[in-house]
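target-v2.pdb (PDB, N, CA and C atoms, pLDDT in the B column) appears below.
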ATOM      1  N   ARG R 266      -6.004 -25.910 -16.507  1.00 81.00           N
ATOM      2  CA  ARG R 266      -5.445 -24.733 -15.878  1.00 81.00           C
ATOM      3  C   ARG R 266      -5.907 -23.516 -16.665  1.00 81.00           C
ATOM      4  N   LEU R 267      -6.600 -22.626 -15.993  1.00 87.00           N
ATOM      5  CA  LEU R 267      -7.137 -21.420 -16.612  1.00 87.00           C
ATOM      6  C   LEU R 267      -6.361 -20.182 -16.179  1.00 87.00           C
ATOM      7  N   GLU R 268      -6.130 -19.320 -17.123  1.00 88.00           N
ATOM      8  CA  GLU R 268      -5.555 -18.005 -16.820  1.00 88.00           C
ATOM      9  C   GLU R 268      -6.674 -17.130 -16.258  1.00 88.00           C
ATOM     10  N   PRO R 269      -6.338 -16.071 -15.522  1.00 85.00           N
ATOM     11  CA  PRO R 269      -7.378 -15.146 -15.075  1.00 85.00           C
ATOM     12  C   PRO R 269      -8.189 -14.649 -16.273  1.00 85.00           C
ATOM     13  N   GLY R 270      -9.498 -14.650 -16.131  1.00 86.00           N
ATOM     14  CA  GLY R 270     -10.382 -14.258 -17.217  1.00 86.00           C
ATOM     15  C   GLY R 270     -10.744 -15.407 -18.139  1.00 86.00           C
ATOM     16  N   GLY R 271     -10.098 -16.578 -17.974  1.00 92.00           N
ATOM     17  CA  GLY R 271     -10.398 -17.745 -18.804  1.00 92.00           C
ATOM     18  C   GLY R 271     -11.771 -18.321 -18.481  1.00 92.00           C
ATOM     19  N   LEU R 272     -12.342 -19.046 -19.441  1.00 95.00           N
ATOM     20  CA  LEU R 272     -13.670 -19.641 -19.281  1.00 95.00           C
ATOM     21  C   LEU R 272     -13.613 -21.163 -19.317  1.00 95.00           C
ATOM     22  N   LEU R 273     -14.514 -21.787 -18.599  1.00 96.00           N
ATOM     23  CA  LEU R 273     -14.675 -23.231 -18.574  1.00 96.00           C
ATOM     24  C   LEU R 273     -16.152 -23.530 -18.786  1.00 96.00           C
ATOM     25  N   ALA R 274     -16.469 -24.288 -19.811  1.00 97.00           N
ATOM     26  CA  ALA R 274     -17.853 -24.699 -20.074  1.00 97.00           C
ATOM     27  C   ALA R 274     -17.905 -26.222 -20.028  1.00 97.00           C
ATOM     28  N   PHE R 275     -18.918 -26.776 -19.339  1.00 97.00           N
ATOM     29  CA  PHE R 275     -19.027 -28.230 -19.247  1.00 97.00           C
ATOM     30  C   PHE R 275     -20.455 -28.644 -18.905  1.00 97.00           C
ATOM     31  N   THR R 276     -20.726 -29.910 -19.088  1.00 97.00           N
ATOM     32  CA  THR R 276     -21.997 -30.509 -18.694  1.00 97.00           C
ATOM     33  C   THR R 276     -21.714 -31.690 -17.780  1.00 97.00           C
ATOM     34  N   THR R 277     -22.661 -31.994 -16.915  1.00 96.00           N
ATOM     35  CA  THR R 277     -22.623 -33.211 -16.110  1.00 96.00           C
ATOM     36  C   THR R 277     -24.037 -33.757 -16.039  1.00 96.00           C
ATOM     37  N   GLU R 278     -24.149 -35.055 -15.855  1.00 95.00           N
ATOM     38  CA  GLU R 278     -25.466 -35.614 -15.589  1.00 95.00           C
ATOM     39  C   GLU R 278     -25.910 -35.144 -14.214  1.00 95.00           C
ATOM     40  N   ALA R 279     -27.199 -34.845 -14.075  1.00 93.00           N
ATOM     41  CA  ALA R 279     -27.737 -34.298 -12.829  1.00 93.00           C
ATOM     42  C   ALA R 279     -28.220 -35.408 -11.903  1.00 93.00           C
ATOM     43  N   GLU R 280     -28.229 -35.076 -10.624  1.00 88.00           N
ATOM     44  CA  GLU R 280     -28.762 -35.977  -9.610  1.00 88.00           C
ATOM     45  C   GLU R 280     -30.224 -36.271  -9.899  1.00 88.00           C
ATOM     46  N   GLN R 281     -30.694 -37.384  -9.393  1.00 82.00           N
ATOM     47  CA  GLN R 281     -32.090 -37.761  -9.559  1.00 82.00           C
ATOM     48  C   GLN R 281     -32.672 -38.082  -8.194  1.00 82.00           C
ATOM     49  N   ALA R 282     -33.976 -38.118  -8.115  1.00 76.00           N
ATOM     50  CA  ALA R 282     -34.646 -38.431  -6.852  1.00 76.00           C
ATOM     51  C   ALA R 282     -34.083 -39.734  -6.290  1.00 76.00           C
ATOM     52  N   GLY R 283     -33.791 -39.738  -5.009  1.00 75.00           N
ATOM     53  CA  GLY R 283     -33.285 -40.936  -4.356  1.00 75.00           C
ATOM     54  C   GLY R 283     -31.773 -41.023  -4.305  1.00 75.00           C
ATOM     55  N   ASP R 284     -31.063 -40.063  -4.941  1.00 78.00           N
ATOM     56  CA  ASP R 284     -29.599 -40.106  -4.934  1.00 78.00           C
ATOM     57  C   ASP R 284     -29.003 -39.717  -3.586  1.00 78.00           C
ATOM     58  N   GLY R 285     -29.754 -38.997  -2.765  1.00 74.00           N
ATOM     59  CA  GLY R 285     -29.191 -38.506  -1.515  1.00 74.00           C
ATOM     60  C   GLY R 285     -28.294 -37.305  -1.785  1.00 74.00           C
ATOM     61  N   GLU R 286     -27.667 -36.771  -0.759  1.00 70.00           N
ATOM     62  CA  GLU R 286     -26.835 -35.577  -0.911  1.00 70.00           C
ATOM     63  C   GLU R 286     -25.342 -35.871  -0.860  1.00 70.00           C
ATOM     64  N   ALA R 287     -24.897 -36.748   0.007  1.00 71.00           N
ATOM     65  CA  ALA R 287     -23.461 -37.001   0.150  1.00 71.00           C
ATOM     66  C   ALA R 287     -23.074 -38.176  -0.725  1.00 71.00           C
ATOM     67  N   PRO R 288     -21.921 -38.183  -1.333  1.00 78.00           N
ATOM     68  CA  PRO R 288     -20.842 -37.191  -1.287  1.00 78.00           C
ATOM     69  C   PRO R 288     -20.972 -36.081  -2.323  1.00 78.00           C
ATOM     70  N   GLY R 289     -22.121 -35.941  -2.942  1.00 87.00           N
ATOM     71  CA  GLY R 289     -22.300 -34.904  -3.941  1.00 87.00           C
ATOM     72  C   GLY R 289     -22.330 -35.449  -5.358  1.00 87.00           C
ATOM     73  N   TRP R 290     -22.068 -36.744  -5.474  1.00 87.00           N
ATOM     74  CA  TRP R 290     -22.094 -37.414  -6.776  1.00 87.00           C
ATOM     75  C   TRP R 290     -22.495 -38.863  -6.570  1.00 87.00           C
ATOM     76  N   VAL R 291     -22.956 -39.489  -7.635  1.00 89.00           N
ATOM     77  CA  VAL R 291     -23.374 -40.893  -7.598  1.00 89.00           C
ATOM     78  C   VAL R 291     -22.751 -41.598  -8.790  1.00 89.00           C
ATOM     79  N   TRP R 292     -22.097 -42.709  -8.543  1.00 87.00           N
ATOM     80  CA  TRP R 292     -21.556 -43.527  -9.630  1.00 87.00           C
ATOM     81  C   TRP R 292     -22.641 -44.501 -10.056  1.00 87.00           C
ATOM     82  N   GLN R 293     -22.910 -44.528 -11.355  1.00 86.00           N
ATOM     83  CA  GLN R 293     -23.961 -45.384 -11.888  1.00 86.00           C
ATOM     84  C   GLN R 293     -23.380 -46.689 -12.422  1.00 86.00           C
ATOM     85  N   ALA R 294     -24.210 -47.682 -12.553  1.00 85.00           N
ATOM     86  CA  ALA R 294     -23.778 -48.984 -13.066  1.00 85.00           C
ATOM     87  C   ALA R 294     -23.241 -48.889 -14.496  1.00 85.00           C
ATOM     88  N   ASN R 295     -23.670 -47.858 -15.256  1.00 86.00           N
ATOM     89  CA  ASN R 295     -23.190 -47.704 -16.630  1.00 86.00           C
ATOM     90  C   ASN R 295     -21.819 -47.028 -16.700  1.00 86.00           C
ATOM     91  N   GLY R 296     -21.214 -46.752 -15.550  1.00 88.00           N
ATOM     92  CA  GLY R 296     -19.881 -46.159 -15.504  1.00 88.00           C
ATOM     93  C   GLY R 296     -19.873 -44.641 -15.536  1.00 88.00           C
ATOM     94  N   ARG R 297     -21.032 -44.028 -15.566  1.00 90.00           N
ATOM     95  CA  ARG R 297     -21.121 -42.569 -15.565  1.00 90.00           C
ATOM     96  C   ARG R 297     -21.435 -42.074 -14.158  1.00 90.00           C
ATOM     97  N   PHE R 298     -21.130 -40.805 -13.930  1.00 91.00           N
ATOM     98  CA  PHE R 298     -21.430 -40.157 -12.657  1.00 91.00           C
ATOM     99  C   PHE R 298     -22.594 -39.194 -12.830  1.00 91.00           C
ATOM    100  N   ARG R 299     -23.384 -39.031 -11.771  1.00 92.00           N
ATOM    101  CA  ARG R 299     -24.372 -37.967 -11.677  1.00 92.00           C
ATOM    102  C   ARG R 299     -23.898 -37.047 -10.559  1.00 92.00           C
ATOM    103  N   HIS R 300     -24.078 -35.751 -10.737  1.00 93.00           N
ATOM    104  CA  HIS R 300     -23.599 -34.777  -9.758  1.00 93.00           C
ATOM    105  C   HIS R 300     -24.735 -33.906  -9.240  1.00 93.00           C
ATOM    106  N   HIS R 301     -24.662 -33.567  -7.962  1.00 92.00           N
ATOM    107  CA  HIS R 301     -25.590 -32.627  -7.356  1.00 92.00           C
ATOM    108  C   HIS R 301     -25.144 -31.213  -7.709  1.00 92.00           C
ATOM    109  N   GLY R 302     -26.107 -30.344  -7.993  1.00 92.00           N
ATOM    110  CA  GLY R 302     -25.783 -28.967  -8.339  1.00 92.00           C
ATOM    111  C   GLY R 302     -24.960 -28.271  -7.269  1.00 92.00           C
ATOM    112  N   ALA R 303     -25.306 -28.472  -6.002  1.00 91.00           N
ATOM    113  CA  ALA R 303     -24.568 -27.827  -4.909  1.00 91.00           C
ATOM    114  C   ALA R 303     -23.110 -28.298  -4.870  1.00 91.00           C
ATOM    115  N   HIS R 304     -22.878 -29.556  -5.174  1.00 92.00           N
ATOM    116  CA  HIS R 304     -21.517 -30.096  -5.200  1.00 92.00           C
ATOM    117  C   HIS R 304     -20.702 -29.426  -6.306  1.00 92.00           C
ATOM    118  N   ILE R 305     -21.305 -29.266  -7.481  1.00 95.00           N
ATOM    119  CA  ILE R 305     -20.617 -28.616  -8.598  1.00 95.00           C
ATOM    120  C   ILE R 305     -20.243 -27.184  -8.220  1.00 95.00           C
ATOM    121  N   LEU R 306     -21.198 -26.443  -7.672  1.00 94.00           N
ATOM    122  CA  LEU R 306     -20.953 -25.053  -7.309  1.00 94.00           C
ATOM    123  C   LEU R 306     -19.868 -24.928  -6.246  1.00 94.00           C
ATOM    124  N   ALA R 307     -19.889 -25.801  -5.260  1.00 94.00           N
ATOM    125  CA  ALA R 307     -18.872 -25.770  -4.203  1.00 94.00           C
ATOM    126  C   ALA R 307     -17.488 -26.104  -4.760  1.00 94.00           C
ATOM    127  N   ALA R 308     -17.403 -27.079  -5.662  1.00 95.00           N
ATOM    128  CA  ALA R 308     -16.111 -27.456  -6.243  1.00 95.00           C
ATOM    129  C   ALA R 308     -15.545 -26.322  -7.092  1.00 95.00           C
ATOM    130  N   LEU R 309     -16.396 -25.647  -7.837  1.00 96.00           N
ATOM    131  CA  LEU R 309     -15.936 -24.511  -8.642  1.00 96.00           C
ATOM    132  C   LEU R 309     -15.432 -23.385  -7.750  1.00 96.00           C
ATOM    133  N   ASP R 310     -16.162 -23.096  -6.690  1.00 95.00           N
ATOM    134  CA  ASP R 310     -15.753 -22.055  -5.755  1.00 95.00           C
ATOM    135  C   ASP R 310     -14.405 -22.396  -5.120  1.00 95.00           C
ATOM    136  N   ALA R 311     -14.245 -23.644  -4.695  1.00 95.00           N
ATOM    137  CA  ALA R 311     -12.991 -24.079  -4.076  1.00 95.00           C
ATOM    138  C   ALA R 311     -11.813 -23.980  -5.049  1.00 95.00           C
ATOM    139  N   ALA R 312     -12.103 -24.099  -6.344  1.00 93.00           N
ATOM    140  CA  ALA R 312     -11.054 -24.012  -7.368  1.00 93.00           C
ATOM    141  C   ALA R 312     -10.785 -22.572  -7.807  1.00 93.00           C
ATOM    142  N   GLY R 313     -11.478 -21.612  -7.179  1.00 91.00           N
ATOM    143  CA  GLY R 313     -11.273 -20.218  -7.530  1.00 91.00           C
ATOM    144  C   GLY R 313     -11.997 -19.782  -8.784  1.00 91.00           C
ATOM    145  N   LEU R 314     -13.057 -20.501  -9.127  1.00 94.00           N
ATOM    146  CA  LEU R 314     -13.832 -20.174 -10.316  1.00 94.00           C
ATOM    147  C   LEU R 314     -15.177 -19.569  -9.918  1.00 94.00           C
ATOM    148  N   ALA R 315     -15.619 -18.585 -10.685  1.00 95.00           N
ATOM    149  CA  ALA R 315     -16.920 -17.960 -10.469  1.00 95.00           C
ATOM    150  C   ALA R 315     -17.907 -18.560 -11.461  1.00 95.00           C
ATOM    151  N   VAL R 316     -19.087 -18.911 -10.981  1.00 96.00           N
ATOM    152  CA  VAL R 316     -20.126 -19.460 -11.853  1.00 96.00           C
ATOM    153  C   VAL R 316     -20.780 -18.304 -12.603  1.00 96.00           C
ATOM    154  N   LEU R 317     -20.723 -18.366 -13.926  1.00 96.00           N
ATOM    155  CA  LEU R 317     -21.323 -17.336 -14.769  1.00 96.00           C
ATOM    156  C   LEU R 317     -22.710 -17.750 -15.239  1.00 96.00           C
ATOM    157  N   ALA R 318     -22.930 -19.040 -15.394  1.00 97.00           N
ATOM    158  CA  ALA R 318     -24.247 -19.563 -15.775  1.00 97.00           C
ATOM    159  C   ALA R 318     -24.332 -21.007 -15.313  1.00 97.00           C
ATOM    160  N   HIS R 319     -25.517 -21.391 -14.838  1.00 96.00           N
ATOM    161  CA  HIS R 319     -25.761 -22.771 -14.411  1.00 96.00           C
ATOM    162  C   HIS R 319     -27.242 -23.038 -14.580  1.00 96.00           C
ATOM    163  N   GLU R 320     -27.563 -23.998 -15.423  1.00 96.00           N
ATOM    164  CA  GLU R 320     -28.972 -24.368 -15.571  1.00 96.00           C
ATOM    165  C   GLU R 320     -29.094 -25.863 -15.796  1.00 96.00           C
ATOM    166  N   ARG R 321     -30.260 -26.360 -15.456  1.00 95.00           N
ATOM    167  CA  ARG R 321     -30.563 -27.776 -15.693  1.00 95.00           C
ATOM    168  C   ARG R 321     -31.258 -27.901 -17.037  1.00 95.00           C
ATOM    169  N   ALA R 322     -30.857 -28.909 -17.791  1.00 96.00           N
ATOM    170  CA  ALA R 322     -31.450 -29.148 -19.113  1.00 96.00           C
ATOM    171  C   ALA R 322     -31.158 -30.588 -19.509  1.00 96.00           C
ATOM    172  N   PRO R 323     -31.977 -31.171 -20.367  1.00 97.00           N
ATOM    173  CA  PRO R 323     -31.667 -32.520 -20.864  1.00 97.00           C
ATOM    174  C   PRO R 323     -30.372 -32.490 -21.673  1.00 97.00           C
ATOM    175  N   LEU R 324     -29.505 -33.488 -21.451  1.00 96.00           N
ATOM    176  CA  LEU R 324     -28.235 -33.566 -22.166  1.00 96.00           C
ATOM    177  C   LEU R 324     -28.342 -34.363 -23.464  1.00 96.00           C
ATOM    178  N   ARG R 325     -29.164 -35.419 -23.420  1.00 96.00           N
ATOM    179  CA  ARG R 325     -29.302 -36.324 -24.565  1.00 96.00           C
ATOM    180  C   ARG R 325     -30.487 -37.240 -24.284  1.00 96.00           C
ATOM    181  N   MET R 326     -30.824 -38.039 -25.258  1.00 96.00           N
ATOM    182  CA  MET R 326     -31.839 -39.072 -25.075  1.00 96.00           C
ATOM    183  C   MET R 326     -31.113 -40.406 -24.891  1.00 96.00           C
ATOM    184  N   GLU R 327     -31.597 -41.189 -23.958  1.00 92.00           N
ATOM    185  CA  GLU R 327     -31.031 -42.517 -23.712  1.00 92.00           C
ATOM    186  C   GLU R 327     -32.192 -43.465 -23.456  1.00 92.00           C
ATOM    187  N   ALA R 328     -32.284 -44.530 -24.241  1.00 93.00           N
ATOM    188  CA  ALA R 328     -33.390 -45.498 -24.142  1.00 93.00           C
ATOM    189  C   ALA R 328     -34.733 -44.784 -24.251  1.00 93.00           C
ATOM    190  N   GLY R 329     -34.787 -43.756 -25.102  1.00 96.00           N
ATOM    191  CA  GLY R 329     -36.025 -43.029 -25.324  1.00 96.00           C
ATOM    192  C   GLY R 329     -36.394 -42.028 -24.238  1.00 96.00           C
ATOM    193  N   GLN R 330     -35.519 -41.822 -23.252  1.00 94.00           N
ATOM    194  CA  GLN R 330     -35.785 -40.909 -22.149  1.00 94.00           C
ATOM    195  C   GLN R 330     -34.721 -39.813 -22.107  1.00 94.00           C
ATOM    196  N   PRO R 331     -35.127 -38.584 -21.769  1.00 96.00           N
ATOM    197  CA  PRO R 331     -34.125 -37.522 -21.634  1.00 96.00           C
ATOM    198  C   PRO R 331     -33.251 -37.760 -20.402  1.00 96.00           C
ATOM    199  N   VAL R 332     -31.966 -37.480 -20.540  1.00 95.00           N
ATOM    200  CA  VAL R 332     -31.032 -37.579 -19.417  1.00 95.00           C
ATOM    201  C   VAL R 332     -30.862 -36.175 -18.846  1.00 95.00           C
ATOM    202  N   PRO R 333     -31.306 -35.945 -17.598  1.00 95.00           N
ATOM    203  CA  PRO R 333     -31.198 -34.605 -17.024  1.00 95.00           C
ATOM    204  C   PRO R 333     -29.744 -34.248 -16.735  1.00 95.00           C
ATOM    205  N   GLY R 334     -29.422 -32.975 -16.936  1.00 96.00           N
ATOM    206  CA  GLY R 334     -28.046 -32.565 -16.724  1.00 96.00           C
ATOM    207  C   GLY R 334     -27.917 -31.141 -16.233  1.00 96.00           C
ATOM    208  N   HIS R 335     -26.672 -30.790 -15.964  1.00 97.00           N
ATOM    209  CA  HIS R 335     -26.297 -29.430 -15.592  1.00 97.00           C
ATOM    210  C   HIS R 335     -25.460 -28.862 -16.731  1.00 97.00           C
ATOM    211  N   LEU R 336     -25.806 -27.659 -17.190  1.00 97.00           N
ATOM    212  CA  LEU R 336     -24.995 -26.911 -18.144  1.00 97.00           C
ATOM    213  C   LEU R 336     -24.315 -25.797 -17.343  1.00 97.00           C
ATOM    214  N   VAL R 337     -22.992 -25.742 -17.400  1.00 98.00           N
ATOM    215  CA  VAL R 337     -22.269 -24.807 -16.535  1.00 98.00           C
ATOM    216  C   VAL R 337     -21.255 -24.006 -17.334  1.00 98.00           C
ATOM    217  N   LEU R 338     -21.186 -22.716 -17.034  1.00 98.00           N
ATOM    218  CA  LEU R 338     -20.149 -21.836 -17.556  1.00 98.00           C
ATOM    219  C   LEU R 338     -19.525 -21.146 -16.358  1.00 98.00           C
ATOM    220  N   ALA R 339     -18.220 -21.265 -16.227  1.00 97.00           N
ATOM    221  CA  ALA R 339     -17.512 -20.664 -15.102  1.00 97.00           C
ATOM    222  C   ALA R 339     -16.293 -19.915 -15.624  1.00 97.00           C
ATOM    223  N   GLY R 340     -15.810 -18.973 -14.831  1.00 96.00           N
ATOM    224  CA  GLY R 340     -14.649 -18.200 -15.221  1.00 96.00           C
ATOM    225  C   GLY R 340     -13.671 -18.068 -14.072  1.00 96.00           C
ATOM    226  N   ARG R 341     -12.401 -17.950 -14.435  1.00 91.00           N
ATOM    227  CA  ARG R 341     -11.340 -17.737 -13.425  1.00 91.00           C
ATOM    228  C   ARG R 341     -11.477 -16.330 -12.879  1.00 91.00           C
ATOM    229  N   ARG R 342     -11.476 -16.233 -11.564  1.00 83.00           N
ATOM    230  CA  ARG R 342     -11.527 -14.910 -10.944  1.00 83.00           C
ATOM    231  C   ARG R 342     -10.214 -14.182 -11.217  1.00 83.00           C
ATOM    232  N   ALA R 343     -10.316 -12.897 -11.433  1.00 72.00           N
ATOM    233  CA  ALA R 343      -9.108 -12.090 -11.719  1.00 72.00           C
ATOM    234  C   ALA R 343      -8.249 -11.946 -10.489  1.00 72.00           C
TER
END
Rendering of file as structure tokens:
Amino acid sequence: RLEPGGLLAFTTEAEQAGDGEAPGWVWQANGRFRHHGAHILAALDAAGLAVLAHERAPLRMEAGQPVPGHLVLAGRRA
């Protein structure tokens, strides 16, 4: 729960080729979710949050490969 003017920063694993669009996320066999950028933006908007920054970047290395992700900063609308 954010007060007006509050900030929320988070990361999610990003969608990959072949994930499709609906429902906006994919559950992986390793128990993690991947999210589509459009789904993240729509969920933030529906929650009354404004996106202040959103970029794709590797989150970590896994099995020698970078894991693509979304870096997001959002704020509560006044």
Do a neighbour search on His319 in chain R at 10 Å with only C-alpha atoms, toss out local chain neighbours closer than 4 positions, and write the hits as a ChimeraX atom specification. /R:274-276,302,305-306,335-339
Separation of CA of Arg325 in chain R and CA of Leu272 in chain R, in Å? 23.5 Å
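Evaluated against this file, the PyMOL selection byres ((chain R and resi 343) around 6) yields Pro269, Gly270, Arg341 and Arg342 of chain R.
Between atom N of Trp292 in chain R and CA of Leu267 in chain R there is a distance of 27.2 Å.
Of the residues under consideration (R:Ala322, R:Gln281, R:Glu286, R:Leu317), R:Ala322 shows the shortest atom-to-atom contact distance to Gly334 in chain R when counting all atoms listed in the file.
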Can you tell me, as a count of residues only, which residues in range 284-321 of chain R count as alpha helix (DSSP H) by DSSP? 10
Since the input has fewer atoms than a full residue there, write range 292-315 of chain R out with N, CA, C and O atoms, as a PDB file, in the frame of the given file.
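What landed in out-v4.pdb:
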ATOM      1  N   TRP R 292     -22.097 -42.709  -8.543  1.00 87.00           N
ATOM      2  CA  TRP R 292     -21.556 -43.527  -9.630  1.00 87.00           C
ATOM      3  C   TRP R 292     -22.641 -44.501 -10.056  1.00 87.00           C
ATOM      4  O   TRP R 292     -23.235 -45.179  -9.232  1.00 87.00           O
ATOM      5  N   GLN R 293     -22.910 -44.528 -11.355  1.00 86.00           N
ATOM      6  CA  GLN R 293     -23.961 -45.384 -11.888  1.00 86.00           C
ATOM      7  C   GLN R 293     -23.380 -46.689 -12.422  1.00 86.00           C
ATOM      8  O   GLN R 293     -22.204 -46.757 -12.762  1.00 86.00           O
ATOM      9  N   ALA R 294     -24.210 -47.682 -12.553  1.00 85.00           N
ATOM     10  CA  ALA R 294     -23.778 -48.984 -13.066  1.00 85.00           C
ATOM     11  C   ALA R 294     -23.241 -48.889 -14.496  1.00 85.00           C
ATOM     12  O   ALA R 294     -22.420 -49.710 -14.899  1.00 85.00           O
ATOM     13  N   ASN R 295     -23.670 -47.858 -15.256  1.00 86.00           N
ATOM     14  CA  ASN R 295     -23.190 -47.704 -16.630  1.00 86.00           C
ATOM     15  C   ASN R 295     -21.819 -47.028 -16.700  1.00 86.00           C
ATOM     16  O   ASN R 295     -21.304 -46.756 -17.781  1.00 86.00           O
ATOM     17  N   GLY R 296     -21.214 -46.752 -15.550  1.00 88.00           N
ATOM     18  CA  GLY R 296     -19.881 -46.159 -15.504  1.00 88.00           C
ATOM     19  C   GLY R 296     -19.873 -44.641 -15.536  1.00 88.00           C
ATOM     20  O   GLY R 296     -18.809 -44.032 -15.510  1.00 88.00           O
ATOM     21  N   ARG R 297     -21.032 -44.028 -15.566  1.00 90.00           N
ATOM     22  CA  ARG R 297     -21.121 -42.569 -15.565  1.00 90.00           C
ATOM     23  C   ARG R 297     -21.435 -42.074 -14.158  1.00 90.00           C
ATOM     24  O   ARG R 297     -21.945 -42.802 -13.323  1.00 90.00           O
ATOM     25  N   PHE R 298     -21.130 -40.805 -13.930  1.00 91.00           N
ATOM     26  CA  PHE R 298     -21.430 -40.157 -12.657  1.00 91.00           C
ATOM     27  C   PHE R 298     -22.594 -39.194 -12.830  1.00 91.00           C
ATOM     28  O   PHE R 298     -22.770 -38.600 -13.893  1.00 91.00           O
ATOM     29  N   ARG R 299     -23.384 -39.031 -11.771  1.00 92.00           N
ATOM     30  CA  ARG R 299     -24.372 -37.967 -11.677  1.00 92.00           C
ATOM     31  C   ARG R 299     -23.898 -37.047 -10.559  1.00 92.00           C
ATOM     32  O   ARG R 299     -23.360 -37.511  -9.552  1.00 92.00           O
ATOM     33  N   HIS R 300     -24.078 -35.751 -10.737  1.00 93.00           N
ATOM     34  CA  HIS R 300     -23.599 -34.777  -9.758  1.00 93.00           C
ATOM     35  C   HIS R 300     -24.735 -33.906  -9.240  1.00 93.00           C
ATOM     36  O   HIS R 300     -25.620 -33.527  -9.997  1.00 93.00           O
ATOM     37  N   HIS R 301     -24.662 -33.567  -7.962  1.00 92.00           N
ATOM     38  CA  HIS R 301     -25.590 -32.627  -7.356  1.00 92.00           C
ATOM     39  C   HIS R 301     -25.144 -31.213  -7.709  1.00 92.00           C
ATOM     40  O   HIS R 301     -23.946 -30.913  -7.701  1.00 92.00           O
ATOM     41  N   GLY R 302     -26.107 -30.344  -7.993  1.00 92.00           N
ATOM     42  CA  GLY R 302     -25.783 -28.967  -8.339  1.00 92.00           C
ATOM     43  C   GLY R 302     -24.960 -28.271  -7.269  1.00 92.00           C
ATOM     44  O   GLY R 302     -23.993 -27.571  -7.577  1.00 92.00           O
ATOM     45  N   ALA R 303     -25.306 -28.472  -6.002  1.00 91.00           N
ATOM     46  CA  ALA R 303     -24.568 -27.827  -4.909  1.00 91.00           C
ATOM     47  C   ALA R 303     -23.110 -28.298  -4.870  1.00 91.00           C
ATOM     48  O   ALA R 303     -22.209 -27.508  -4.572  1.00 91.00           O
ATOM     49  N   HIS R 304     -22.878 -29.556  -5.174  1.00 92.00           N
ATOM     50  CA  HIS R 304     -21.517 -30.096  -5.200  1.00 92.00           C
ATOM     51  C   HIS R 304     -20.702 -29.426  -6.306  1.00 92.00           C
ATOM     52  O   HIS R 304     -19.543 -29.052  -6.099  1.00 92.00           O
ATOM     53  N   ILE R 305     -21.305 -29.266  -7.481  1.00 95.00           N
ATOM     54  CA  ILE R 305     -20.617 -28.616  -8.598  1.00 95.00           C
ATOM     55  C   ILE R 305     -20.243 -27.184  -8.220  1.00 95.00           C
ATOM     56  O   ILE R 305     -19.096 -26.758  -8.417  1.00 95.00           O
ATOM     57  N   LEU R 306     -21.198 -26.443  -7.672  1.00 94.00           N
ATOM     58  CA  LEU R 306     -20.953 -25.053  -7.309  1.00 94.00           C
ATOM     59  C   LEU R 306     -19.868 -24.928  -6.246  1.00 94.00           C
ATOM     60  O   LEU R 306     -18.997 -24.062  -6.332  1.00 94.00           O
ATOM     61  N   ALA R 307     -19.889 -25.801  -5.260  1.00 94.00           N
ATOM     62  CA  ALA R 307     -18.872 -25.770  -4.203  1.00 94.00           C
ATOM     63  C   ALA R 307     -17.488 -26.104  -4.760  1.00 94.00           C
ATOM     64  O   ALA R 307     -16.490 -25.477  -4.382  1.00 94.00           O
ATOM     65  N   ALA R 308     -17.403 -27.079  -5.662  1.00 95.00           N
ATOM     66  CA  ALA R 308     -16.111 -27.456  -6.243  1.00 95.00           C
ATOM     67  C   ALA R 308     -15.545 -26.322  -7.092  1.00 95.00           C
ATOM     68  O   ALA R 308     -14.338 -26.046  -7.051  1.00 95.00           O
ATOM     69  N   LEU R 309     -16.396 -25.647  -7.837  1.00 96.00           N
ATOM     70  CA  LEU R 309     -15.936 -24.511  -8.642  1.00 96.00           C
ATOM     71  C   LEU R 309     -15.432 -23.385  -7.750  1.00 96.00           C
ATOM     72  O   LEU R 309     -14.382 -22.796  -8.005  1.00 96.00           O
ATOM     73  N   ASP R 310     -16.162 -23.096  -6.690  1.00 95.00           N
ATOM     74  CA  ASP R 310     -15.753 -22.055  -5.755  1.00 95.00           C
ATOM     75  C   ASP R 310     -14.405 -22.396  -5.120  1.00 95.00           C
ATOM     76  O   ASP R 310     -13.519 -21.551  -5.040  1.00 95.00           O
ATOM     77  N   ALA R 311     -14.245 -23.644  -4.695  1.00 95.00           N
ATOM     78  CA  ALA R 311     -12.991 -24.079  -4.076  1.00 95.00           C
ATOM     79  C   ALA R 311     -11.813 -23.980  -5.049  1.00 95.00           C
ATOM     80  O   ALA R 311     -10.671 -23.787  -4.633  1.00 95.00           O
ATOM     81  N   ALA R 312     -12.103 -24.099  -6.344  1.00 93.00           N
ATOM     82  CA  ALA R 312     -11.054 -24.012  -7.368  1.00 93.00           C
ATOM     83  C   ALA R 312     -10.785 -22.572  -7.807  1.00 93.00           C
ATOM     84  O   ALA R 312      -9.979 -22.334  -8.704  1.00 93.00           O
ATOM     85  N   GLY R 313     -11.478 -21.612  -7.179  1.00 91.00           N
ATOM     86  CA  GLY R 313     -11.273 -20.218  -7.530  1.00 91.00           C
ATOM     87  C   GLY R 313     -11.997 -19.782  -8.784  1.00 91.00           C
ATOM     88  O   GLY R 313     -11.607 -18.811  -9.424  1.00 91.00           O
ATOM     89  N   LEU R 314     -13.057 -20.501  -9.127  1.00 94.00           N
ATOM     90  CA  LEU R 314     -13.832 -20.174 -10.316  1.00 94.00           C
ATOM     91  C   LEU R 314     -15.177 -19.569  -9.918  1.00 94.00           C
ATOM     92  O   LEU R 314     -15.801 -20.004  -8.945  1.00 94.00           O
ATOM     93  N   ALA R 315     -15.619 -18.585 -10.685  1.00 95.00           N
ATOM     94  CA  ALA R 315     -16.920 -17.960 -10.469  1.00 95.00           C
ATOM     95  C   ALA R 315     -17.907 -18.560 -11.461  1.00 95.00           C
ATOM     96  O   ALA R 315     -17.600 -18.692 -12.648  1.00 95.00           O
TER      97      ALA R 315
END
